[in-house]
Amino acid sequence: MSQAQILLVDDCKQWRETLRSMLETIPGYQVVAEAGNGLEAVQKAAQLHPEIVLLDIGMPILNGIEAAPGIRRASPHSQIVFVTQENDPDLRTAAFATGAAGYFLKSRVVSELIPAMNALVTLPDTTSGVLSQAMVTMPAQSLAIE
């Protein structure tokens, strides 16, 4: 099985290190880069074209909601998954409006994010928007982990 390449984007270096350490213990994932703000995320997505971008919302320069369209343009096949502490329905709506494949609270990374990432990398064609459509039609508790 090839490894899914991941770009971690969060302004908190300690959080990125923690998430990287966790992901590196799971076969099938490779963290290829980290970014500390939205602008840096767009640039790294353009260079690396990762399969998955784990993106925080509250960051300097460009926040995650602002950065997502740029990431989408720079790397159209990357699946954007918001991982945030923001439990706000308006932000969740804005995140999905960017074409995000998921929205998860940081407090639920272990129990919910990893299974969702497995779905991202095992679906036959994640570039077609099938996953995004499936998530939109799921019950609300499946859309965002609260």
# chains A, B, ... in the order shown; residues from 1 in each chain; ligands from 1

$ residues_around --residues "Ala94 in chain A" --least-positions-apart "3" --cutoff "12 Å" --atoms "only C-alpha atoms" --output "PDB file with N, CA and C atoms, in the first residue's frame"
ATOM      1  N   ILE A  57      -8.304  26.409  11.476  1.00  0.00           N
ATOM      2  CA  ILE A  57      -9.010  27.624  11.039  1.00  0.00           C
ATOM      3  C   ILE A  57      -8.311  28.872  11.552  1.00  0.00           C
ATOM      4  N   ASN A  63      -6.343  32.735   7.448  1.00  0.00           N
ATOM      5  CA  ASN A  63      -6.907  31.677   8.279  1.00  0.00           C
ATOM      6  C   ASN A  63      -7.269  30.494   7.376  1.00  0.00           C
ATOM      7  N   GLY A  64      -7.680  29.401   7.968  1.00  0.00           N
ATOM      8  CA  GLY A  64      -7.961  28.200   7.189  1.00  0.00           C
ATOM      9  C   GLY A  64      -9.068  28.367   6.169  1.00  0.00           C
ATOM     10  N   ILE A  65     -10.126  29.086   6.537  1.00  0.00           N
ATOM     11  CA  ILE A  65     -11.242  29.317   5.605  1.00  0.00           C
ATOM     12  C   ILE A  65     -10.755  30.130   4.408  1.00  0.00           C
ATOM     13  N   GLU A  66      -9.908  31.113   4.657  1.00  0.00           N
ATOM     14  CA  GLU A  66      -9.364  31.940   3.575  1.00  0.00           C
ATOM     15  C   GLU A  66      -8.355  31.165   2.725  1.00  0.00           C
ATOM     16  N   ALA A  68      -8.225  27.822   2.202  1.00  0.00           N
ATOM     17  CA  ALA A  68      -8.757  26.631   1.522  1.00  0.00           C
ATOM     18  C   ALA A  68      -8.967  26.828   0.018  1.00  0.00           C
ATOM     19  N   PRO A  69      -9.556  27.927  -0.444  1.00  0.00           N
ATOM     20  CA  PRO A  69      -9.710  28.086  -1.901  1.00  0.00           C
ATOM     21  C   PRO A  69      -8.362  28.133  -2.635  1.00  0.00           C
ATOM     22  N   PHE A  82     -10.615  20.033   7.842  1.00  0.00           N
ATOM     23  CA  PHE A  82     -10.395  21.005   8.912  1.00  0.00           C
ATOM     24  C   PHE A  82     -10.291  20.273  10.241  1.00  0.00           C
ATOM     25  N   GLU A  86     -12.543  25.135  16.974  1.00  0.00           N
ATOM     26  CA  GLU A  86     -13.713  25.989  16.760  1.00  0.00           C
ATOM     27  C   GLU A  86     -14.972  25.155  16.574  1.00  0.00           C
ATOM     28  N   ASP A  88     -18.163  26.005  16.074  1.00  0.00           N
ATOM     29  CA  ASP A  88     -19.103  27.048  15.689  1.00  0.00           C
ATOM     30  C   ASP A  88     -19.819  26.618  14.411  1.00  0.00           C
ATOM     31  N   PRO A  89     -21.141  26.503  14.432  1.00  0.00           N
ATOM     32  CA  PRO A  89     -21.876  26.051  13.242  1.00  0.00           C
ATOM     33  C   PRO A  89     -21.647  26.934  12.012  1.00  0.00           C
ATOM     34  N   ASP A  90     -21.475  28.234  12.202  1.00  0.00           N
ATOM     35  CA  ASP A  90     -21.219  29.114  11.055  1.00  0.00           C
ATOM     36  C   ASP A  90     -19.860  28.831  10.423  1.00  0.00           C
ATOM     37  N   LEU A  91     -18.852  28.589  11.254  1.00  0.00           N
ATOM     38  CA  LEU A  91     -17.537  28.238  10.722  1.00  0.00           C
ATOM     39  C   LEU A  91     -17.571  26.878  10.030  1.00  0.00           C
ATOM     40  N   ALA A  97     -18.331  24.973   2.711  1.00  0.00           N
ATOM     41  CA  ALA A  97     -18.530  25.772   1.501  1.00  0.00           C
ATOM     42  C   ALA A  97     -17.246  25.886   0.675  1.00  0.00           C
ATOM     43  N   THR A  98     -16.095  25.689   1.292  1.00  0.00           N
ATOM     44  CA  THR A  98     -14.826  25.728   0.564  1.00  0.00           C
ATOM     45  C   THR A  98     -14.554  24.423  -0.187  1.00  0.00           C
ATOM     46  N   GLY A  99     -15.405  23.432   0.023  1.00  0.00           N
ATOM     47  CA  GLY A  99     -15.198  22.130  -0.597  1.00  0.00           C
ATOM     48  C   GLY A  99     -14.482  21.145   0.303  1.00  0.00           C
ATOM     49  N   ALA A 100     -14.410  21.453   1.584  1.00  0.00           N
ATOM     50  CA  ALA A 100     -13.719  20.571   2.526  1.00  0.00           C
ATOM     51  C   ALA A 100     -14.376  19.192   2.578  1.00  0.00           C
ATOM     52  N   GLY A 102     -14.041  17.318   5.322  1.00  0.00           N
ATOM     53  CA  GLY A 102     -14.379  17.036   6.706  1.00  0.00           C
ATOM     54  C   GLY A 102     -14.062  18.188   7.633  1.00  0.00           C
ATOM     55  N   TYR A 103     -14.623  18.116   8.836  1.00  0.00           N
ATOM     56  CA  TYR A 103     -14.460  19.139   9.865  1.00  0.00           C
ATOM     57  C   TYR A 103     -14.482  18.419  11.205  1.00  0.00           C
TER      58      TYR A 103
END

$ select_by_dssp --residues "chain A" --states "strand (DSSP E or B)" --output "ChimeraX atom specification"
/A:4-9,29-35,52-55,79-84,102-105,144-145

$ write_last_selection --atoms "C-alpha atoms" --output "mmCIF file, in the first residue's frame"
data_model
loop_
_atom_site.group_PDB
_atom_site.id
_atom_site.type_symbol
_atom_site.label_atom_id
_atom_site.label_comp_id
_atom_site.auth_asym_id
_atom_site.auth_seq_id
_atom_site.Cartn_x
_atom_site.Cartn_y
_atom_site.Cartn_z
ATOM 1 C CA ALA A 4 -0.983 8.974 1.698
ATOM 2 C CA GLN A 5 0.954 12.221 1.838
ATOM 3 C CA ILE A 6 -0.258 14.727 4.424
ATOM 4 C CA LEU A 7 0.315 18.451 4.857
ATOM 5 C CA LEU A 8 -0.241 19.574 8.483
ATOM 6 C CA VAL A 9 -1.307 23.198 8.856
ATOM 7 C CA TYR A 29 0.391 7.929 6.192
ATOM 8 C CA GLN A 30 3.387 10.157 5.629
ATOM 9 C CA VAL A 31 3.547 13.745 6.832
ATOM 10 C CA VAL A 32 5.444 15.444 4.004
ATOM 11 C CA ALA A 33 5.364 19.013 5.328
ATOM 12 C CA GLU A 34 4.038 21.376 7.946
ATOM 13 C CA ALA A 35 2.876 24.972 7.680
ATOM 14 C CA ILE A 52 -4.689 15.218 2.480
ATOM 15 C CA VAL A 53 -4.363 18.698 3.990
ATOM 16 C CA LEU A 54 -5.174 18.840 7.707
ATOM 17 C CA LEU A 55 -6.038 22.504 8.153
ATOM 18 C CA GLN A 79 -8.649 16.578 0.211
ATOM 19 C CA ILE A 80 -8.960 19.374 2.776
ATOM 20 C CA VAL A 81 -9.940 18.319 6.279
ATOM 21 C CA PHE A 82 -10.395 21.005 8.912
ATOM 22 C CA VAL A 83 -9.043 20.101 12.351
ATOM 23 C CA THR A 84 -9.874 22.875 14.768
ATOM 24 C CA GLY A 102 -14.379 17.036 6.706
ATOM 25 C CA TYR A 103 -14.460 19.139 9.865
ATOM 26 C CA PHE A 104 -13.257 17.711 13.167
ATOM 27 C CA LEU A 105 -12.594 19.090 16.601
ATOM 28 C CA ALA A 144 -18.684 17.473 12.361
ATOM 29 C CA ILE A 145 -17.394 15.901 15.470
#

$ closest_residue --among "A:Glu17, A:Asn37, A:Asp56, A:Ser78" --to "Arg92 in chain A" --atoms "only C-alpha atoms"
A:Asp56

$ closest_residue --among "A:Ala41, A:Glu24, A:Gln3, A:Arg16" --to "Lys106 in chain A" --atoms "only C-alpha atoms"
A:Arg16

$ decode --residues "chain A" --atoms "C-alpha atoms" --output "PDB file, in the first residue's frame"
ATOM      1  CA  MET A   1       0.000   0.000   0.000  1.00  0.00           C
ATOM      2  CA  SER A   2       1.402   3.396  -0.900  1.00  0.00           C
ATOM      3  CA  GLN A   3       1.475   6.081   1.723  1.00  0.00           C
ATOM      4  CA  ALA A   4      -0.983   8.974   1.698  1.00  0.00           C
ATOM      5  CA  GLN A   5       0.954  12.221   1.838  1.00  0.00           C
ATOM      6  CA  ILE A   6      -0.258  14.727   4.424  1.00  0.00           C
ATOM      7  CA  LEU A   7       0.315  18.451   4.857  1.00  0.00           C
ATOM      8  CA  LEU A   8      -0.241  19.574   8.483  1.00  0.00           C
ATOM      9  CA  VAL A   9      -1.307  23.198   8.856  1.00  0.00           C
ATOM     10  CA  ASP A  10      -1.640  24.823  12.265  1.00  0.00           C
ATOM     11  CA  ASP A  11      -0.061  27.861  13.899  1.00  0.00           C
ATOM     12  CA  CYS A  12       0.694  25.889  17.070  1.00  0.00           C
ATOM     13  CA  LYS A  13       3.991  24.061  16.549  1.00  0.00           C
ATOM     14  CA  GLN A  14       3.379  21.815  19.564  1.00  0.00           C
ATOM     15  CA  TRP A  15       0.042  20.652  18.107  1.00  0.00           C
ATOM     16  CA  ARG A  16       1.673  19.934  14.734  1.00  0.00           C
ATOM     17  CA  GLU A  17       4.401  17.902  16.451  1.00  0.00           C
ATOM     18  CA  THR A  18       1.831  15.945  18.469  1.00  0.00           C
ATOM     19  CA  LEU A  19      -0.319  15.190  15.433  1.00  0.00           C
ATOM     20  CA  ARG A  20       2.728  14.285  13.336  1.00  0.00           C
ATOM     21  CA  SER A  21       3.929  11.867  16.037  1.00  0.00           C
ATOM     22  CA  MET A  22       0.516  10.215  16.143  1.00  0.00           C
ATOM     23  CA  LEU A  23       0.189   9.926  12.358  1.00  0.00           C
ATOM     24  CA  GLU A  24       3.678   8.505  11.956  1.00  0.00           C
ATOM     25  CA  THR A  25       2.679   5.499  14.073  1.00  0.00           C
ATOM     26  CA  ILE A  26      -0.130   4.589  11.661  1.00  0.00           C
ATOM     27  CA  PRO A  27       0.851   2.641   8.538  1.00  0.00           C
ATOM     28  CA  GLY A  28      -0.209   4.272   5.296  1.00  0.00           C
ATOM     29  CA  TYR A  29       0.391   7.929   6.192  1.00  0.00           C
ATOM     30  CA  GLN A  30       3.387  10.157   5.629  1.00  0.00           C
ATOM     31  CA  VAL A  31       3.547  13.745   6.832  1.00  0.00           C
ATOM     32  CA  VAL A  32       5.444  15.444   4.004  1.00  0.00           C
ATOM     33  CA  ALA A  33       5.364  19.013   5.328  1.00  0.00           C
ATOM     34  CA  GLU A  34       4.038  21.376   7.946  1.00  0.00           C
ATOM     35  CA  ALA A  35       2.876  24.972   7.680  1.00  0.00           C
ATOM     36  CA  GLY A  36       2.241  27.532  10.404  1.00  0.00           C
ATOM     37  CA  ASN A  37      -0.149  29.816   8.505  1.00  0.00           C
ATOM     38  CA  GLY A  38      -2.542  29.777   5.576  1.00  0.00           C
ATOM     39  CA  LEU A  39      -0.235  31.448   3.069  1.00  0.00           C
ATOM     40  CA  GLU A  40       2.517  28.942   3.755  1.00  0.00           C
ATOM     41  CA  ALA A  41      -0.084  26.156   3.379  1.00  0.00           C
ATOM     42  CA  VAL A  42      -1.057  27.345  -0.106  1.00  0.00           C
ATOM     43  CA  GLN A  43       2.601  27.482  -1.141  1.00  0.00           C
ATOM     44  CA  LYS A  44       3.406  24.016   0.204  1.00  0.00           C
ATOM     45  CA  ALA A  45       0.258  22.510  -1.337  1.00  0.00           C
ATOM     46  CA  ALA A  46       1.323  23.941  -4.718  1.00  0.00           C
ATOM     47  CA  GLN A  47       4.783  22.355  -4.360  1.00  0.00           C
ATOM     48  CA  LEU A  48       3.829  18.981  -2.915  1.00  0.00           C
ATOM     49  CA  HIS A  49       0.242  18.180  -3.994  1.00  0.00           C
ATOM     50  CA  PRO A  50      -0.501  16.099  -0.878  1.00  0.00           C
ATOM     51  CA  GLU A  51      -3.472  13.742  -0.812  1.00  0.00           C
ATOM     52  CA  ILE A  52      -4.689  15.218   2.480  1.00  0.00           C
ATOM     53  CA  VAL A  53      -4.363  18.698   3.990  1.00  0.00           C
ATOM     54  CA  LEU A  54      -5.174  18.840   7.707  1.00  0.00           C
ATOM     55  CA  LEU A  55      -6.038  22.504   8.153  1.00  0.00           C
ATOM     56  CA  ASP A  56      -6.708  24.604  11.243  1.00  0.00           C
ATOM     57  CA  ILE A  57      -9.010  27.624  11.039  1.00  0.00           C
ATOM     58  CA  GLY A  58      -7.562  30.195  13.463  1.00  0.00           C
ATOM     59  CA  MET A  59      -4.149  31.104  12.024  1.00  0.00           C
ATOM     60  CA  PRO A  60      -2.221  34.260  11.125  1.00  0.00           C
ATOM     61  CA  ILE A  61      -1.775  35.769   7.650  1.00  0.00           C
ATOM     62  CA  LEU A  62      -4.547  33.650   6.083  1.00  0.00           C
ATOM     63  CA  ASN A  63      -6.907  31.677   8.279  1.00  0.00           C
ATOM     64  CA  GLY A  64      -7.961  28.200   7.189  1.00  0.00           C
ATOM     65  CA  ILE A  65     -11.242  29.317   5.605  1.00  0.00           C
ATOM     66  CA  GLU A  66      -9.364  31.940   3.575  1.00  0.00           C
ATOM     67  CA  ALA A  67      -6.561  29.540   2.639  1.00  0.00           C
ATOM     68  CA  ALA A  68      -8.757  26.631   1.522  1.00  0.00           C
ATOM     69  CA  PRO A  69      -9.710  28.086  -1.901  1.00  0.00           C
ATOM     70  CA  GLY A  70      -6.046  28.785  -2.626  1.00  0.00           C
ATOM     71  CA  ILE A  71      -5.101  25.261  -1.607  1.00  0.00           C
ATOM     72  CA  ARG A  72      -7.878  23.914  -3.811  1.00  0.00           C
ATOM     73  CA  ARG A  73      -6.574  25.928  -6.806  1.00  0.00           C
ATOM     74  CA  ALA A  74      -2.934  25.011  -6.135  1.00  0.00           C
ATOM     75  CA  SER A  75      -3.629  21.310  -5.583  1.00  0.00           C
ATOM     76  CA  PRO A  76      -7.110  20.408  -6.855  1.00  0.00           C
ATOM     77  CA  HIS A  77      -6.842  16.728  -5.934  1.00  0.00           C
ATOM     78  CA  SER A  78      -5.925  17.368  -2.298  1.00  0.00           C
ATOM     79  CA  GLN A  79      -8.649  16.578   0.211  1.00  0.00           C
ATOM     80  CA  ILE A  80      -8.960  19.374   2.776  1.00  0.00           C
ATOM     81  CA  VAL A  81      -9.940  18.319   6.279  1.00  0.00           C
ATOM     82  CA  PHE A  82     -10.395  21.005   8.912  1.00  0.00           C
ATOM     83  CA  VAL A  83      -9.043  20.101  12.351  1.00  0.00           C
ATOM     84  CA  THR A  84      -9.874  22.875  14.768  1.00  0.00           C
ATOM     85  CA  GLN A  85     -10.963  23.783  18.253  1.00  0.00           C
ATOM     86  CA  GLU A  86     -13.713  25.989  16.760  1.00  0.00           C
ATOM     87  CA  ASN A  87     -17.081  24.415  17.532  1.00  0.00           C
ATOM     88  CA  ASP A  88     -19.103  27.048  15.689  1.00  0.00           C
ATOM     89  CA  PRO A  89     -21.876  26.051  13.242  1.00  0.00           C
ATOM     90  CA  ASP A  90     -21.219  29.114  11.055  1.00  0.00           C
ATOM     91  CA  LEU A  91     -17.537  28.238  10.722  1.00  0.00           C
ATOM     92  CA  ARG A  92     -18.443  24.627   9.985  1.00  0.00           C
ATOM     93  CA  THR A  93     -20.768  25.819   7.209  1.00  0.00           C
ATOM     94  CA  ALA A  94     -18.071  28.120   5.839  1.00  0.00           C
ATOM     95  CA  ALA A  95     -15.545  25.264   5.932  1.00  0.00           C
ATOM     96  CA  PHE A  96     -17.772  22.935   3.927  1.00  0.00           C
ATOM     97  CA  ALA A  97     -18.530  25.772   1.501  1.00  0.00           C
ATOM     98  CA  THR A  98     -14.826  25.728   0.564  1.00  0.00           C
ATOM     99  CA  GLY A  99     -15.198  22.130  -0.597  1.00  0.00           C
ATOM    100  CA  ALA A 100     -13.719  20.571   2.526  1.00  0.00           C
ATOM    101  CA  ALA A 101     -14.033  16.818   2.927  1.00  0.00           C
ATOM    102  CA  GLY A 102     -14.379  17.036   6.706  1.00  0.00           C
ATOM    103  CA  TYR A 103     -14.460  19.139   9.865  1.00  0.00           C
ATOM    104  CA  PHE A 104     -13.257  17.711  13.167  1.00  0.00           C
ATOM    105  CA  LEU A 105     -12.594  19.090  16.601  1.00  0.00           C
ATOM    106  CA  LYS A 106      -9.062  18.663  17.907  1.00  0.00           C
ATOM    107  CA  SER A 107     -10.434  16.964  20.987  1.00  0.00           C
ATOM    108  CA  ARG A 108     -11.707  14.106  18.798  1.00  0.00           C
ATOM    109  CA  VAL A 109      -8.681  13.494  16.583  1.00  0.00           C
ATOM    110  CA  VAL A 110      -7.981   9.992  17.839  1.00  0.00           C
ATOM    111  CA  SER A 111     -11.554   8.714  17.899  1.00  0.00           C
ATOM    112  CA  GLU A 112     -12.895  10.324  14.729  1.00  0.00           C
ATOM    113  CA  LEU A 113     -10.271  11.879  12.450  1.00  0.00           C
ATOM    114  CA  ILE A 114      -8.174   8.779  11.799  1.00  0.00           C
ATOM    115  CA  PRO A 115     -11.165   6.661  10.651  1.00  0.00           C
ATOM    116  CA  ALA A 116     -12.249   9.523   8.373  1.00  0.00           C
ATOM    117  CA  MET A 117      -8.762   9.755   6.882  1.00  0.00           C
ATOM    118  CA  ASN A 118      -8.865   6.022   6.206  1.00  0.00           C
ATOM    119  CA  ALA A 119     -12.050   6.608   4.204  1.00  0.00           C
ATOM    120  CA  LEU A 120     -10.362   9.409   2.257  1.00  0.00           C
ATOM    121  CA  VAL A 121      -7.493   7.227   1.115  1.00  0.00           C
ATOM    122  CA  THR A 122      -9.464   4.027   0.462  1.00  0.00           C
ATOM    123  CA  LEU A 123     -12.338   5.335  -1.643  1.00  0.00           C
ATOM    124  CA  PRO A 124     -11.816   4.434  -5.299  1.00  0.00           C
ATOM    125  CA  ASP A 125     -11.938   8.044  -6.538  1.00  0.00           C
ATOM    126  CA  THR A 126     -11.567  10.726  -3.891  1.00  0.00           C
ATOM    127  CA  THR A 127     -10.928  13.399  -6.514  1.00  0.00           C
ATOM    128  CA  SER A 128     -14.479  13.276  -7.851  1.00  0.00           C
ATOM    129  CA  GLY A 129     -16.113  14.826  -4.813  1.00  0.00           C
ATOM    130  CA  VAL A 130     -17.813  11.565  -3.886  1.00  0.00           C
ATOM    131  CA  LEU A 131     -16.591  11.764  -0.308  1.00  0.00           C
ATOM    132  CA  SER A 132     -17.681  15.380   0.080  1.00  0.00           C
ATOM    133  CA  GLN A 133     -21.125  14.527  -1.273  1.00  0.00           C
ATOM    134  CA  ALA A 134     -21.403  11.530   1.034  1.00  0.00           C
ATOM    135  CA  MET A 135     -20.480  13.621   4.056  1.00  0.00           C
ATOM    136  CA  VAL A 136     -22.992  16.322   3.200  1.00  0.00           C
ATOM    137  CA  THR A 137     -25.794  13.778   3.065  1.00  0.00           C
ATOM    138  CA  MET A 138     -24.830  12.021   6.310  1.00  0.00           C
ATOM    139  CA  PRO A 139     -26.575  12.886   9.565  1.00  0.00           C
ATOM    140  CA  ALA A 140     -25.311  16.051  11.234  1.00  0.00           C
ATOM    141  CA  GLN A 141     -23.417  14.179  13.942  1.00  0.00           C
ATOM    142  CA  SER A 142     -21.331  12.508  11.225  1.00  0.00           C
ATOM    143  CA  LEU A 143     -20.450  15.786   9.528  1.00  0.00           C
ATOM    144  CA  ALA A 144     -18.684  17.473  12.361  1.00  0.00           C
ATOM    145  CA  ILE A 145     -17.394  15.901  15.470  1.00  0.00           C
ATOM    146  CA  GLU A 146     -18.508  17.823  18.503  1.00  0.00           C
TER     147      GLU A 146
END
